[in-house]
$ cat coords-v5.txt   # compact mmCIF, C-alpha atoms
# COMPACT_ATOMS: atom_id res chain seq x y z
CA MET A 870 5.39 10.38 -34.95
CA THR A 871 8.82 11.14 -36.36
CA GLU A 872 11.94 11.28 -34.25
CA PRO A 873 12.42 14.78 -32.78
CA PRO A 874 15.66 16.47 -33.79
CA GLU A 875 18.19 16.74 -30.98
CA ALA A 876 18.36 20.52 -31.14
CA SER A 877 14.63 21.16 -31.09
CA ALA A 878 14.12 18.51 -28.42
CA ALA A 879 16.59 20.19 -26.10
CA ALA A 880 15.10 23.62 -26.68
CA ALA A 881 11.53 22.36 -26.17
CA GLN A 882 12.11 21.09 -22.64
CA PRO A 883 10.84 23.55 -20.02
CA ALA A 884 13.25 24.90 -17.48
CA PRO A 885 13.03 23.49 -13.95
CA GLY A 886 10.32 25.27 -12.01
CA ASP A 887 8.83 26.86 -15.15
CA HIS A 888 5.04 26.26 -15.05
CA THR A 889 3.98 26.40 -18.68
CA GLY A 890 1.22 24.70 -20.58
CA SER A 891 1.21 23.29 -24.07
CA SER A 892 0.47 26.72 -25.49
CA GLY A 893 3.46 28.26 -23.75
CA GLU A 894 1.31 30.38 -21.43
CA ALA A 895 2.01 30.42 -17.75
CA VAL A 896 -0.10 28.03 -15.70
CA ALA A 897 -1.05 29.26 -12.26
CA PRO A 898 -0.55 26.85 -9.38
CA PRO A 899 -3.72 25.33 -7.96
CA PRO A 900 -5.36 27.13 -5.06
CA SER A 901 -4.11 25.90 -1.74
CA GLY A 902 -6.43 23.90 0.43
CA GLY A 903 -3.90 21.89 2.42
CA SER A 904 -0.94 19.72 1.47
CA ASP A 905 -0.20 16.07 0.91
CA ARG A 906 2.66 14.11 2.47
CA SER A 907 5.20 15.55 0.03
CA GLY A 908 4.17 19.09 0.96
CA ALA A 909 2.52 19.83 -2.40
CA ALA A 910 -0.56 22.04 -2.29
CA VAL A 911 -3.92 20.30 -2.44
CA PRO A 912 -6.80 22.27 -4.07
CA ARG A 913 -9.69 23.17 -1.80
CA SER A 914 -12.13 21.20 -3.95
CA VAL A 915 -10.03 18.07 -3.50
CA THR A 916 -9.76 18.66 0.24
CA ALA A 917 -13.53 19.03 0.55
CA ARG A 918 -14.15 15.93 -1.53
CA ALA A 919 -11.61 13.92 0.46
CA THR A 920 -13.08 15.09 3.78
CA ALA A 921 -16.59 14.11 2.65
CA ALA A 922 -15.32 10.67 1.57
CA GLY A 923 -13.61 10.21 4.94
CA VAL A 924 -16.73 11.16 6.88
CA ILE A 925 -18.96 8.86 4.81
CA VAL A 926 -16.62 5.86 5.19
CA SER A 927 -16.26 6.49 8.93
CA LEU A 928 -20.04 6.64 9.39
CA LEU A 929 -20.48 3.44 7.38
CA LEU A 930 -17.94 1.69 9.61
CA ILE A 931 -19.72 2.88 12.75
CA VAL A 932 -23.03 1.54 11.39
CA ALA A 933 -21.31 -1.76 10.52
CA ILE A 934 -19.92 -2.01 14.07
CA VAL A 935 -23.33 -1.38 15.61
CA LEU A 936 -25.12 -3.85 13.37
CA GLY A 937 -22.35 -6.48 13.36
CA SER A 938 -22.18 -6.51 17.16
CA ARG A 939 -25.97 -6.87 17.35
CA PHE A 940 -26.53 -3.32 18.48
CA LEU A 941 -23.45 -3.43 20.74
CA GLU A 942 -24.66 -6.52 22.60
CA ASN A 943 -21.41 -8.32 21.69
CA PHE A 944 -19.23 -5.21 21.83
CA ASP A 945 -16.49 -5.30 24.48
CA SER A 946 -16.22 -1.84 26.08
CA ALA A 947 -12.62 -2.61 27.08
CA LEU A 948 -11.76 -2.55 23.37
CA LEU A 949 -13.39 0.84 22.77
CA PRO A 950 -10.05 2.72 22.18
CA TYR A 951 -9.14 0.22 19.47
CA ALA A 952 -12.55 0.60 17.80
CA VAL A 953 -12.30 4.40 17.88
CA ALA A 954 -8.83 4.16 16.31
CA THR A 955 -10.21 2.03 13.47
CA VAL A 956 -12.82 4.71 12.77
CA PHE A 957 -10.04 7.29 12.51
CA LEU A 958 -8.16 4.81 10.32
CA ALA A 959 -11.16 4.53 7.99
CA PHE A 960 -11.41 8.32 7.76
CA GLY A 961 -7.68 8.70 7.06
CA VAL A 962 -7.57 5.98 4.41
CA ALA A 963 -10.61 7.39 2.56
CA TYR A 964 -9.25 10.94 2.80
CA ARG A 965 -5.75 10.06 1.62
CA TYR A 966 -6.99 7.75 -1.13
CA THR A 967 -9.29 10.46 -2.50
CA VAL A 968 -6.44 12.98 -2.52
CA TRP A 969 -4.18 10.41 -4.18
CA VAL A 970 -6.55 9.54 -7.03
CA SER A 971 -7.19 13.24 -7.65
CA ALA A 972 -3.68 13.63 -9.09
CA PRO A 973 -3.54 13.06 -12.88
CA GLY A 974 -1.01 10.23 -12.77
CA ALA A 975 -2.72 8.39 -9.92
CA ARG A 976 -6.13 8.91 -11.50
CA ARG A 977 -4.99 7.16 -14.67
CA LEU A 978 -3.41 4.39 -12.59
CA PHE A 979 -6.67 4.04 -10.67
CA LYS A 980 -8.88 3.92 -13.77
CA LYS A 981 -6.66 1.61 -15.78
CA GLY A 982 -5.83 -0.61 -12.81
CA TRP A 983 -9.31 -1.17 -11.48
CA GLY A 984 -10.73 -1.19 -15.01
CA SER A 985 -8.43 -4.09 -15.86
CA LEU A 986 -9.31 -5.91 -12.63
CA PHE A 987 -13.03 -5.86 -13.41
CA SER A 988 -12.78 -6.21 -17.19
CA VAL A 989 -14.83 -9.09 -18.58
CA GLU A 990 -12.77 -8.96 -21.78
CA ASN A 991 -9.53 -9.43 -19.84
CA PHE A 992 -11.06 -12.38 -17.98
CA ARG A 993 -12.00 -14.00 -21.28
CA LYS A 994 -8.51 -13.49 -22.72
CA ALA A 995 -6.65 -14.78 -19.69
CA PRO A 996 -8.96 -16.29 -17.02
CA THR A 997 -6.07 -17.40 -14.81
CA ALA A 998 -4.05 -14.18 -15.05
CA LEU A 999 -5.85 -12.26 -12.30
CA PRO A 1000 -5.70 -14.91 -9.56
CA LYS A 1001 -2.09 -15.65 -10.51
CA MET A 1002 -1.11 -11.96 -10.21
CA ILE A 1003 -2.97 -11.57 -6.94
CA ALA A 1004 -1.03 -14.52 -5.56
CA THR A 1005 2.40 -13.64 -6.96
CA TYR A 1006 2.33 -9.83 -7.01
CA LEU A 1007 0.03 -8.98 -4.10
CA GLY A 1008 0.43 -12.02 -1.87
CA PHE A 1009 3.96 -13.36 -2.29
CA GLN A 1010 5.44 -10.19 -3.88
CA LYS A 1011 7.82 -12.06 -6.16
CA PHE A 1012 9.10 -8.78 -7.58
CA LEU A 1013 10.90 -8.20 -4.26
CA GLY A 1014 12.76 -11.49 -4.61
CA ALA A 1015 14.48 -10.14 -7.74
CA ARG A 1016 16.04 -7.39 -5.60
CA SER A 1017 17.06 -9.39 -2.55
CA HIS A 1018 16.02 -12.74 -1.11
CA ALA A 1019 16.55 -11.46 2.43
CA ARG A 1020 14.34 -8.42 1.83
CA TRP A 1021 11.69 -10.62 0.28
CA ALA A 1022 11.69 -13.02 3.26
CA ALA A 1023 11.53 -10.15 5.78
CA HIS A 1024 8.72 -8.48 3.84
CA GLN A 1025 6.78 -11.75 3.75
CA LEU A 1026 7.11 -12.16 7.52
CA ILE A 1027 5.75 -8.64 8.10
CA PHE A 1028 3.03 -9.01 5.47
CA TRP A 1029 1.55 -12.30 6.66
CA GLY A 1030 2.02 -11.38 10.32
CA CYS A 1031 0.06 -8.16 9.82
CA ILE A 1032 -2.60 -9.93 7.74
CA LEU A 1033 -3.11 -12.51 10.49
CA ALA A 1034 -3.22 -9.83 13.20
CA SER A 1035 -5.72 -7.74 11.21
CA LEU A 1036 -8.03 -10.70 10.55
CA ILE A 1037 -8.17 -11.32 14.30
CA THR A 1038 -7.99 -7.82 15.77
CA PHE A 1039 -10.47 -5.87 13.64
CA PRO A 1040 -13.48 -8.25 13.88
CA LEU A 1041 -12.77 -8.84 17.58
CA THR A 1042 -12.53 -5.11 18.24
CA TRP A 1043 -15.78 -4.41 16.39
CA GLY A 1044 -17.68 -7.10 18.29
CA TRP A 1045 -18.09 -9.25 15.19
CA PHE A 1046 -16.13 -12.15 16.72
CA THR A 1047 -17.10 -13.58 20.10
CA PHE A 1048 -15.85 -16.54 22.07
CA THR A 1049 -18.41 -17.91 24.50
CA SER A 1050 -18.42 -20.78 26.98
CA ASP A 1051 -21.32 -22.47 28.74
CA THR A 1052 -19.25 -22.78 31.91
CA GLY A 1053 -17.82 -19.26 31.73
CA SER A 1054 -14.23 -20.47 31.96
CA GLY A 1055 -13.98 -23.26 29.40
CA PRO A 1056 -12.41 -25.48 28.31
CA GLY A 1057 -15.21 -25.75 25.75
CA TYR A 1058 -15.75 -22.61 23.64
CA GLU A 1059 -17.83 -21.53 20.68
CA MET A 1060 -16.63 -19.02 18.10
CA ARG A 1061 -19.45 -16.86 16.77
CA ILE A 1062 -19.46 -14.34 13.92
CA TRP A 1063 -22.25 -11.74 14.00
CA GLY A 1064 -23.88 -13.91 16.65
CA PHE A 1065 -23.96 -17.07 14.54
CA LYS A 1066 -22.04 -20.12 15.71
CA ILE A 1067 -19.18 -21.05 13.38
CA ILE A 1068 -17.20 -23.66 15.27
CA GLY A 1069 -16.87 -25.22 18.69
CA PHE A 1070 -13.48 -26.14 20.10
CA ASP A 1071 -11.62 -27.20 23.22
CA SER A 1072 -9.20 -24.57 24.48
CA LEU A 1073 -6.81 -27.32 25.65
CA ASP A 1074 -6.27 -28.93 22.23
CA ILE A 1075 -4.19 -27.68 19.29
CA LEU A 1076 -7.06 -25.84 17.59
CA GLY A 1077 -7.92 -24.08 20.83
CA TRP A 1078 -4.27 -23.08 21.37
CA LEU A 1079 -4.09 -21.64 17.86
CA MET A 1080 -7.36 -19.77 18.39
CA PHE A 1081 -6.19 -18.05 21.55
CA HIS A 1082 -2.58 -17.49 20.45
CA GLY A 1083 -3.11 -16.26 16.90
CA LEU A 1084 -1.89 -12.77 17.79
CA ASP A 1085 1.23 -14.25 19.42
CA ILE A 1086 1.97 -16.13 16.20
CA ALA A 1087 1.54 -12.89 14.25
CA ALA A 1088 3.94 -11.12 16.62
CA VAL A 1089 6.56 -13.87 16.18
CA LEU A 1090 6.34 -13.37 12.42
CA VAL A 1091 6.50 -9.57 12.51
CA ILE A 1092 9.40 -9.10 14.96
CA PRO A 1093 12.19 -10.70 12.83
CA GLY A 1094 10.91 -9.08 9.64
CA ALA A 1095 10.67 -5.58 11.12
CA SER A 1096 13.99 -6.03 12.96
CA TYR A 1097 15.75 -6.92 9.70
CA PHE A 1098 14.52 -3.78 7.97
CA LEU A 1099 15.37 -1.67 11.02
CA TRP A 1100 18.89 -3.13 11.08
CA ARG A 1101 19.24 -2.59 7.35
CA ARG A 1102 18.22 1.07 7.62
CA MET A 1103 20.82 1.61 10.31
CA LYS A 1104 23.65 -0.22 8.53
CA ASP A 1105 23.07 -0.04 4.77
CA ARG A 1106 24.56 3.14 3.32
CA GLY A 1107 22.12 3.21 0.43
CA ALA A 1108 19.13 2.93 2.79
CA ILE A 1109 20.53 5.53 5.20
CA THR A 1110 20.98 8.14 2.47
CA GLY A 1111 17.32 8.66 1.64
CA GLN A 1112 15.55 7.57 4.81
CA ARG A 1113 13.40 9.80 7.01
CA PHE A 1114 12.80 9.00 10.67
CA GLY A 1115 9.05 9.61 10.71
CA TYR A 1116 8.41 7.94 7.37
CA ASP A 1117 10.85 4.99 7.33
CA LEU A 1118 11.81 4.19 10.94
CA VAL A 1119 8.70 4.98 13.00
CA PRO A 1120 6.53 2.30 11.27
CA LEU A 1121 9.14 -0.39 11.96
CA ILE A 1122 9.59 0.68 15.57
CA ALA A 1123 5.80 0.75 16.04
CA LEU A 1124 5.44 -2.80 14.67
CA ILE A 1125 8.15 -4.08 17.00
CA VAL A 1126 6.66 -2.33 20.04
CA ILE A 1127 3.19 -3.71 19.29
CA SER A 1128 4.52 -7.24 18.82
CA VAL A 1129 6.79 -7.22 21.87
CA THR A 1130 4.17 -5.79 24.22
CA GLY A 1131 1.62 -8.29 22.89
CA LEU A 1132 3.96 -11.19 23.65
CA LEU A 1133 4.71 -9.73 27.08
CA LEU A 1134 0.99 -9.71 27.86
CA THR A 1135 0.87 -13.45 27.20
CA PHE A 1136 4.08 -13.96 29.21
CA SER A 1137 2.64 -12.00 32.14
CA SER A 1138 -0.63 -13.94 32.21
CA ILE A 1139 1.07 -17.37 31.99
CA PHE A 1140 4.29 -17.01 33.97
CA LEU A 1141 3.84 -13.95 36.19
CA HIS A 1142 0.22 -14.55 37.24
CA GLY A 1143 -0.76 -11.19 35.78
CA GLY A 1144 2.11 -9.18 37.22
CA GLY A 1145 2.52 -5.88 35.35
CA TYR A 1146 -0.38 -6.79 33.06
CA GLU A 1147 -2.22 -3.49 33.42
CA PHE A 1148 0.83 -1.41 32.49
CA LEU A 1149 1.63 -3.65 29.53
CA ALA A 1150 -2.00 -3.54 28.37
CA ILE A 1151 -2.00 0.27 28.38
CA LEU A 1152 1.36 0.42 26.58
CA HIS A 1153 0.15 -2.08 23.99
CA MET A 1154 -3.10 -0.17 23.48
CA VAL A 1155 -1.30 3.17 23.01
CA SER A 1156 1.11 1.69 20.46
CA VAL A 1157 -1.71 0.03 18.48
CA VAL A 1158 -3.91 3.15 18.49
CA PHE A 1159 -0.99 5.34 17.39
CA THR A 1160 -0.11 2.95 14.55
CA LEU A 1161 -3.69 2.70 13.29
CA ILE A 1162 -4.04 6.47 13.15
CA TYR A 1163 -0.60 6.80 11.54
CA ILE A 1164 -1.18 4.25 8.74
CA PRO A 1165 -2.98 6.52 6.23
CA PHE A 1166 -0.35 9.26 6.46
CA GLY A 1167 2.83 7.18 6.54
CA LYS A 1168 4.64 4.51 4.61
CA PHE A 1169 2.01 1.86 5.27
CA PHE A 1170 -0.39 3.65 2.94
CA HIS A 1171 1.16 1.71 0.05
CA ILE A 1172 -0.81 -1.29 1.35
CA VAL A 1173 -3.99 0.48 0.24
CA GLN A 1174 -2.46 1.52 -3.08
CA ARG A 1175 -1.10 -1.89 -4.05
CA PRO A 1176 -4.31 -3.45 -5.50
CA ALA A 1177 -4.47 -0.74 -8.18
CA ALA A 1178 -0.86 -1.60 -9.09
CA VAL A 1179 -1.95 -5.23 -9.55
CA GLY A 1180 -4.50 -3.95 -12.04
CA MET A 1181 -1.77 -2.11 -13.93
CA GLN A 1182 0.25 -5.32 -14.13
CA LEU A 1183 -2.81 -7.03 -15.60
CA PHE A 1184 -3.22 -4.09 -18.01
CA LYS A 1185 0.35 -4.59 -19.26
CA TYR A 1186 -0.02 -8.39 -19.35
CA THR A 1187 -3.12 -8.34 -21.56
CA GLY A 1188 -1.35 -5.88 -23.90
CA ARG A 1189 1.50 -8.38 -24.32
CA GLN A 1190 -1.00 -11.16 -24.98
CA ASP A 1191 -2.36 -9.09 -27.87
CA GLN A 1192 1.18 -8.59 -29.20
CA GLU A 1193 0.80 -4.82 -28.68
CA VAL A 1194 4.48 -4.20 -27.97
CA PHE A 1195 5.80 -0.71 -28.64
CA ASN A 1196 9.30 -0.44 -30.11
CA CYS A 1197 11.73 2.40 -29.55
CA ARG A 1198 11.51 5.05 -32.29
CA ARG A 1199 15.29 5.15 -32.63
CA CYS A 1200 16.71 1.66 -32.14
CA GLU A 1201 13.52 -0.41 -32.64
CA GLU A 1202 14.08 -2.30 -29.37
CA PRO A 1203 10.86 -3.16 -27.48
CA ILE A 1204 10.02 -0.73 -24.67
CA ASP A 1205 6.69 -1.90 -23.25
CA THR A 1206 3.15 -2.56 -24.38
CA ALA A 1207 1.65 0.05 -26.70
CA PRO A 1208 -1.34 0.77 -24.37
CA TYR A 1209 1.06 1.31 -21.46
CA VAL A 1210 3.24 3.75 -23.42
CA GLU A 1211 0.17 5.66 -24.59
CA ASN A 1212 -1.11 5.76 -21.01
CA LEU A 1213 2.24 7.21 -19.90
CA ARG A 1214 2.07 9.86 -22.64
CA GLY A 1215 -1.47 10.73 -21.57
CA THR A 1216 -0.33 11.20 -17.98
CA MET A 1217 2.48 13.52 -19.08
CA ARG A 1218 0.02 15.56 -21.13
CA ASP A 1219 -2.31 15.81 -18.14
CA LEU A 1220 0.61 17.20 -16.15
CA SER A 1221 1.35 19.74 -18.92
CA LEU A 1222 4.76 18.17 -19.56
CA ASP A 1223 5.42 19.13 -23.17
CA PHE A 1224 7.91 16.35 -23.91
CA ASP A 1225 5.62 13.32 -23.81
CA GLN A 1226 7.11 12.11 -27.11
CA TRP A 1227 10.18 11.02 -25.15
CA ALA A 1228 8.10 8.16 -23.73
CA GLU A 1229 8.51 6.54 -27.15
CA TYR A 1230 12.27 6.08 -26.67
CA CYS A 1231 14.13 3.50 -24.64
CA PRO A 1232 16.32 4.68 -21.73
CA ARG A 1233 19.56 4.23 -23.71
CA CYS A 1234 18.32 6.28 -26.66
CA LYS A 1235 17.09 8.99 -24.31
CA ARG A 1236 20.61 9.32 -22.91
CA VAL A 1237 22.13 9.37 -26.41
CA LEU A 1238 19.72 12.05 -27.64
CA ARG A 1239 20.19 14.08 -24.49
CA GLY A 1240 23.97 13.92 -24.90
CA SER A 1241 23.72 14.89 -28.58
CA ALA A 1242 21.52 17.85 -27.70
CA TYR A 1243 24.03 18.93 -25.05
CA LEU A 1244 26.92 18.78 -27.51
CA SER A 1245 25.06 20.70 -30.21
CA GLN A 1246 23.25 23.30 -28.08
CA VAL A 1247 25.25 23.82 -24.89
CA LYS A 1248 28.87 22.84 -25.22
CA LYS A 1249 29.38 24.80 -28.45
CA GLY A 1250 28.81 27.98 -26.43
CA PHE A 1251 31.96 27.39 -24.36
CA LYS A 1252 35.37 28.52 -25.63
$ encode --input "coords-v5.txt" --output "structure tokens"
Amino acid sequence: MTEPPEASAAAAQPAPGDHTGSSGEAVAPPPSGGSDRSGAAVPRSVTARATAAGVIVSLLLIVAIVLGSRFLENFDSALLPYAVATVFLAFGVAYRYTVWVSAPGARRLFKKGWGSLFSVENFRKAPTALPKMIATYLGFQKFLGARSHARWAAHQLIFWGCILASLITFPLTWGWFTFTSDTGSGPGYEMRIWGFKIIGFDSLDILGWLMFHGLDIAAVLVIPGASYFLWRRMKDRGAITGQRFGYDLVPLIALIVISVTGLLLTFSSIFLHGGGYEFLAILHMVSVVFTLIYIPFGKFFHIVQRPAAVGMQLFKYTGRQDQEVFNCRRCEEPIDTAPYVENLRGTMRDLSLDFDQWAEYCPRCKRVLRGSAYLSQVKKGFK
């Protein structure tokens, strides 16, 4: 493709809010069937498909709970509100994910990302790339360290605290984990998964203490991390400018409330002989249930989206390994891998954005060409 002239490039860009296709004809907005988090209309077909996906995933989880708890034999009825909340969580995640991947840009990200993750060819080219990216990009999130070491540390505290809490809470809530004792009160216990004995331990030794205080450890990790981000959003001018209470602050407050009330439950049982335990248990349950239902429709949804982003990183990495680097059409400086640039152009075409050729220019050249077009097409009209 040749470099587009500045004048024609400026004239070719559609005006803001002008819905036109590549042929110049008006494109009607999709029929409304709801809206996503940004308020954009969601077609009825997408809504129906997302609802069906949510129902199917919820039913599969219910079946897994029944079977995993040995037909509810190991299910603790006191944890029923938590289990019901996880079913709503499953529905929300499946619904939101289906709506997300229905958008052209996300659909390409989904296909390329997961395609790269499960590509045998990619594994042959770079067998260690995938586990390395899972560890660095998904686990330790090294890309955050480039922005701020404090933000990276706080994010790691929240991430690993939530991972630990989830690994304990979900199986325990579903009746998959059980702790049994021959004497009924210990100190010897057996941990069973799906009814099968995994390990025996003494509740008075270190292993036993870790077993019964895993959620307290998770809370100790989460509180400083969430508190840092909450402080930052109240003090940092850049963070304050674009933040929204329900989207940015509520998740942090919910994490802190869950962690604090969980620690207070342990404090009450050890030091207060159960004083105020019932009230704290209800408060803790309400905060956990609210957060689980909120996850699919708030900021925490990026946790579900992140694995596809890991696939995109692998997609770009394998392109670099093949020396498929795309250079800027104007200055010849490298932009990104050729497959990635072509994928970006394809997304822009899917969105009926008739200036996808600009993806072939580096940011500096885009600014230069935009300024040249302004001088030649706009400023000359002023006297």
$ residues_around --input "coords-v5.txt" --residues "stretch 1161-1166 of chain A" --least-positions-apart "4" --cutoff "9 Å" --atoms "all atoms listed in the file" --output "list of chain:residue names"
A:Asp905, A:Arg906, A:Tyr951, A:Ala954, A:Thr955, A:Val956, A:Phe957, A:Leu958, A:Ala959, A:Phe960, A:Gly961, A:Val962, A:Ala963, A:Tyr964, A:Arg965, A:Tyr966, A:Tyr1116, A:Pro1120, A:Ser1156, A:Val1157, A:Phe1170, A:His1171, A:Val1173
$ atom_distance --input "coords-v5.txt" --atom1 "atom CA of A:Leu1152" --atom2 "atom CA of A:Gly1077"
26.8 Å
$ residues_near_point --input "coords-v5.txt" --point "(-14.9, -26.8, 18.8)" --cutoff "7 Å" --atoms "all atoms listed in the file" --output "list in words"
Tyr1058, Glu1059, Ile1068, Gly1069, Phe1070 and Asp1071 of chain A
$ residues_around --input "coords-v5.txt" --residues "stretch 1091-1105 of chain A" --least-positions-apart "4" --cutoff "8 Å" --atoms "all atoms listed in the file" --output "list in words"
Arg1020, Ala1022, Ala1023, His1024, Gln1025, Leu1026, Ile1027, Phe1028, Gly1030, Cys1031, Ala1087, Ile1109, Gln1112, Leu1118, Leu1121, Ile1122, Leu1124, Ile1125, Ser1128 and Val1129 of chain A
$ atom_distance --input "coords-v5.txt" --atom1 "atom CA of A:Ile1151" --atom2 "atom CA of A:Thr1042"
15.6 Å
$ residues_around --input "coords-v5.txt" --residues "A:Phe944" --least-positions-apart "2" --cutoff "9 Å" --atoms "all atoms listed in the file" --output "VMD selection string"
chain A and resid 934 to 935 938 to 942 946 to 949 1041 to 1045 1047
$ build_atoms --input "coords-v5.txt" --residues "stretch 999-1014 of chain A" --atoms "N, CA, C and O atoms" --output "mmCIF file, keeping the file's coordinate frame"
data_model
loop_
_atom_site.group_PDB
_atom_site.id
_atom_site.type_symbol
_atom_site.label_atom_id
_atom_site.label_comp_id
_atom_site.auth_asym_id
_atom_site.auth_seq_id
_atom_site.Cartn_x
_atom_site.Cartn_y
_atom_site.Cartn_z
ATOM 1 N N LEU A 999 -5.554 -13.060 -13.481
ATOM 2 C CA LEU A 999 -5.850 -12.260 -12.300
ATOM 3 C C LEU A 999 -5.545 -12.994 -11.003
ATOM 4 O O LEU A 999 -4.824 -12.461 -10.148
ATOM 5 N N PRO A 1000 -6.056 -14.219 -10.799
ATOM 6 C CA PRO A 1000 -5.700 -14.910 -9.560
ATOM 7 C C PRO A 1000 -4.212 -15.170 -9.424
ATOM 8 O O PRO A 1000 -3.655 -15.124 -8.322
ATOM 9 N N LYS A 1001 -3.541 -15.419 -10.557
ATOM 10 C CA LYS A 1001 -2.090 -15.650 -10.510
ATOM 11 C C LYS A 1001 -1.351 -14.383 -10.067
ATOM 12 O O LYS A 1001 -0.429 -14.437 -9.259
ATOM 13 N N MET A 1002 -1.769 -13.215 -10.581
ATOM 14 C CA MET A 1002 -1.110 -11.960 -10.210
ATOM 15 C C MET A 1002 -1.426 -11.563 -8.777
ATOM 16 O O MET A 1002 -0.576 -11.004 -8.089
ATOM 17 N N ILE A 1003 -2.644 -11.854 -8.332
ATOM 18 C CA ILE A 1003 -2.970 -11.570 -6.940
ATOM 19 C C ILE A 1003 -2.084 -12.395 -6.014
ATOM 20 O O ILE A 1003 -1.589 -11.905 -4.995
ATOM 21 N N ALA A 1004 -1.856 -13.650 -6.390
ATOM 22 C CA ALA A 1004 -1.030 -14.520 -5.560
ATOM 23 C C ALA A 1004 0.443 -14.133 -5.609
ATOM 24 O O ALA A 1004 1.107 -14.049 -4.576
ATOM 25 N N THR A 1005 0.965 -13.885 -6.818
ATOM 26 C CA THR A 1005 2.400 -13.640 -6.960
ATOM 27 C C THR A 1005 2.800 -12.199 -6.693
ATOM 28 O O THR A 1005 3.836 -11.936 -6.077
ATOM 29 N N TYR A 1006 1.969 -11.236 -7.132
ATOM 30 C CA TYR A 1006 2.330 -9.830 -7.010
ATOM 31 C C TYR A 1006 1.837 -9.220 -5.704
ATOM 32 O O TYR A 1006 2.561 -8.486 -5.037
ATOM 33 N N LEU A 1007 0.597 -9.560 -5.317
ATOM 34 C CA LEU A 1007 0.030 -8.980 -4.100
ATOM 35 C C LEU A 1007 0.324 -9.831 -2.883
ATOM 36 O O LEU A 1007 0.636 -9.311 -1.810
ATOM 37 N N GLY A 1008 0.224 -11.148 -3.014
ATOM 38 C CA GLY A 1008 0.430 -12.020 -1.870
ATOM 39 C C GLY A 1008 1.891 -12.317 -1.576
ATOM 40 O O GLY A 1008 2.400 -11.991 -0.508
ATOM 41 N N PHE A 1009 2.582 -12.941 -2.536
ATOM 42 C CA PHE A 1009 3.960 -13.360 -2.290
ATOM 43 C C PHE A 1009 5.000 -12.362 -2.797
ATOM 44 O O PHE A 1009 6.188 -12.564 -2.587
ATOM 45 N N GLN A 1010 4.558 -11.302 -3.479
ATOM 46 C CA GLN A 1010 5.440 -10.190 -3.880
ATOM 47 C C GLN A 1010 6.761 -10.680 -4.487
ATOM 48 O O GLN A 1010 7.846 -10.349 -4.004
ATOM 49 N N LYS A 1011 6.632 -11.475 -5.529
ATOM 50 C CA LYS A 1011 7.820 -12.060 -6.160
ATOM 51 C C LYS A 1011 8.752 -11.009 -6.729
ATOM 52 O O LYS A 1011 9.949 -11.263 -6.884
ATOM 53 N N PHE A 1012 8.234 -9.822 -7.031
ATOM 54 C CA PHE A 1012 9.100 -8.780 -7.580
ATOM 55 C C PHE A 1012 10.158 -8.345 -6.573
ATOM 56 O O PHE A 1012 11.227 -7.866 -6.953
ATOM 57 N N LEU A 1013 9.891 -8.532 -5.269
ATOM 58 C CA LEU A 1013 10.900 -8.200 -4.260
ATOM 59 C C LEU A 1013 12.031 -9.218 -4.246
ATOM 60 O O LEU A 1013 13.168 -8.885 -3.911
ATOM 61 N N GLY A 1014 11.731 -10.460 -4.594
ATOM 62 C CA GLY A 1014 12.760 -11.490 -4.610
ATOM 63 C C GLY A 1014 13.836 -11.219 -5.636
ATOM 64 O O GLY A 1014 14.985 -11.627 -5.473
#
